[in-house]
Structure formats: C-alpha cells, structure tokens
Amino acid sequence: MGYAYDDQNIFAKILRGEIPNDTVLETGHALAFRDLYPQAPVHVLVIPKGPYVCYDHFAQTASEAEIVDYTRAIGKVCEMEDVAAGGFRMIANAGEAGVQEVPHLHVHILAGRPLGRMLQQA
Ligand code: DGP
C-alpha cells in the first residue's frame, strides 16, 4: 500500500515555521517539541523532518541517515527529560484504528506520572 503525505498537516506547518512550537531538541533530521495538550507532566512529540505519514512508512522508506538521526533524537530527548528512572511510555499511533490525528509520524514520549495499562478495554 502507498502512503499519501498531506503537506498541509499541522506538523508540516510546524516544520515550515508557519506555526510556533515549544522545541525540546532539533537535529538534522528530527524535531522534538512539547505536545500542545499534554497528558502527563512530560509529553514530548518527536517527528522526522521528512514527509513520513507513520512509523511503518518511515521504517520502510527512510534513509539510514534519517533513521539513525531520528532514533538518536528520541534517545536524546529521553535523556534530556530524564524519563528512564521513573519509567515512561512511547506511543506511535497510526491510521484509523490507532486513532492517529496528525498524519505526520510522531512518537509520543510520556512520563512523570503512573500511566496505567497499555490499552484501554474497547
Ligand atoms: P495523535 O493522536 O497520535 O495523532 O496525536 C496528535 C498529538 O498532537 C495530540 O497529542 C495533540 C498534539 N497536537 C495537535 N496539534 C498540535 C499543535 O499545533 N502543536 C503541538 N505542539 N501539538 C499538537
């Protein structure tokens, strides 16, 4: 299946500087910023700068340089936000069943409170 990237999505606008963001980290291929509607004391979104819809799209088609940079950026944010000691969760929603609202790959990094079980019962 192909992935159609919509360059009018809100994170594309953030990457173009059309909408402000609370930046945590910027690297060559990644941007990390605070979620506008935080669901935990730490709630950071990490996105690649390239036009990838979701994690599987990225993992299947991004260059090795992008994958390394993005993965290291996630690691750096975890270090900067000191999430390892108390525990944390990373979430990458995709598509309809995953209830992905913004169609540009983003990993949520959540920490700072007990986060409950992984999934709510449907
Ligand atoms: P998801 O459901 O995984 O697509 O989550 C999208 C997240 O994006 C959600 O937690 C709220 C956040 N969000 C939506 N619009 C903005 C925005 O304009 N700025 C920031 N920083 N976050 C946003």
# chains A, B, ... in the order shown; residues from 1 in each chain; ligands from 1
call {"tool": "residues_near_ligand", "arguments": {"ligand": "ligand 1", "cutoff": "8 Å", "atoms": "only C-alpha atoms and all ligand atoms", "output": "number ranges by chain"}}
result
A: 10-11, 14, 19-22, 33-39, 45, 91-94, 98-104, 106-108
call {"tool": "select_by_dssp", "arguments": {"residues": "range 3-109 of chain A", "states": "strand (DSSP E or B)", "output": "ChimeraX atom specification"}}
result
/A:23-26,30-34,42-48,88-91,107-109
call {"tool": "closest_residue", "arguments": {"among": "A:Gly116, A:Gly87, A:Gly2, A:Gly95", "to": "Tyr55 in chain A", "atoms": "only C-alpha atoms"}}
result
A:Gly95
call {"tool": "select_by_dssp", "arguments": {"residues": "chain A", "states": "alpha helix (DSSP H)", "output": "count of residues only"}}
result
30
call {"tool": "residues_around", "arguments": {"residues": "Tyr3 in chain A", "least_positions_apart": "6", "cutoff": "9 Å", "atoms": "only C-alpha atoms", "output": "MDAnalysis selection string"}}
result
chainID A and resid 52:54 57
call {"tool": "closest_residue", "arguments": {"among": "A:Met118, A:Leu105, A:Ala30, A:Leu110", "to": "Asp6 in chain A", "atoms": "only C-alpha atoms"}}
result
A:Leu105
call {"tool": "closest_residue", "arguments": {"among": "A:Glu79, A:His29, A:Pro41, A:Gln121", "to": "Ser63 in chain A", "atoms": "only C-alpha atoms"}}
result
A:His29
call {"tool": "residues_around", "arguments": {"residues": "Val83 in chain A", "least_positions_apart": "2", "cutoff": "12 Å", "atoms": "only C-alpha atoms", "output": "ChimeraX atom specification"}}
result
/A:40-44,74-81,85-90,109-113
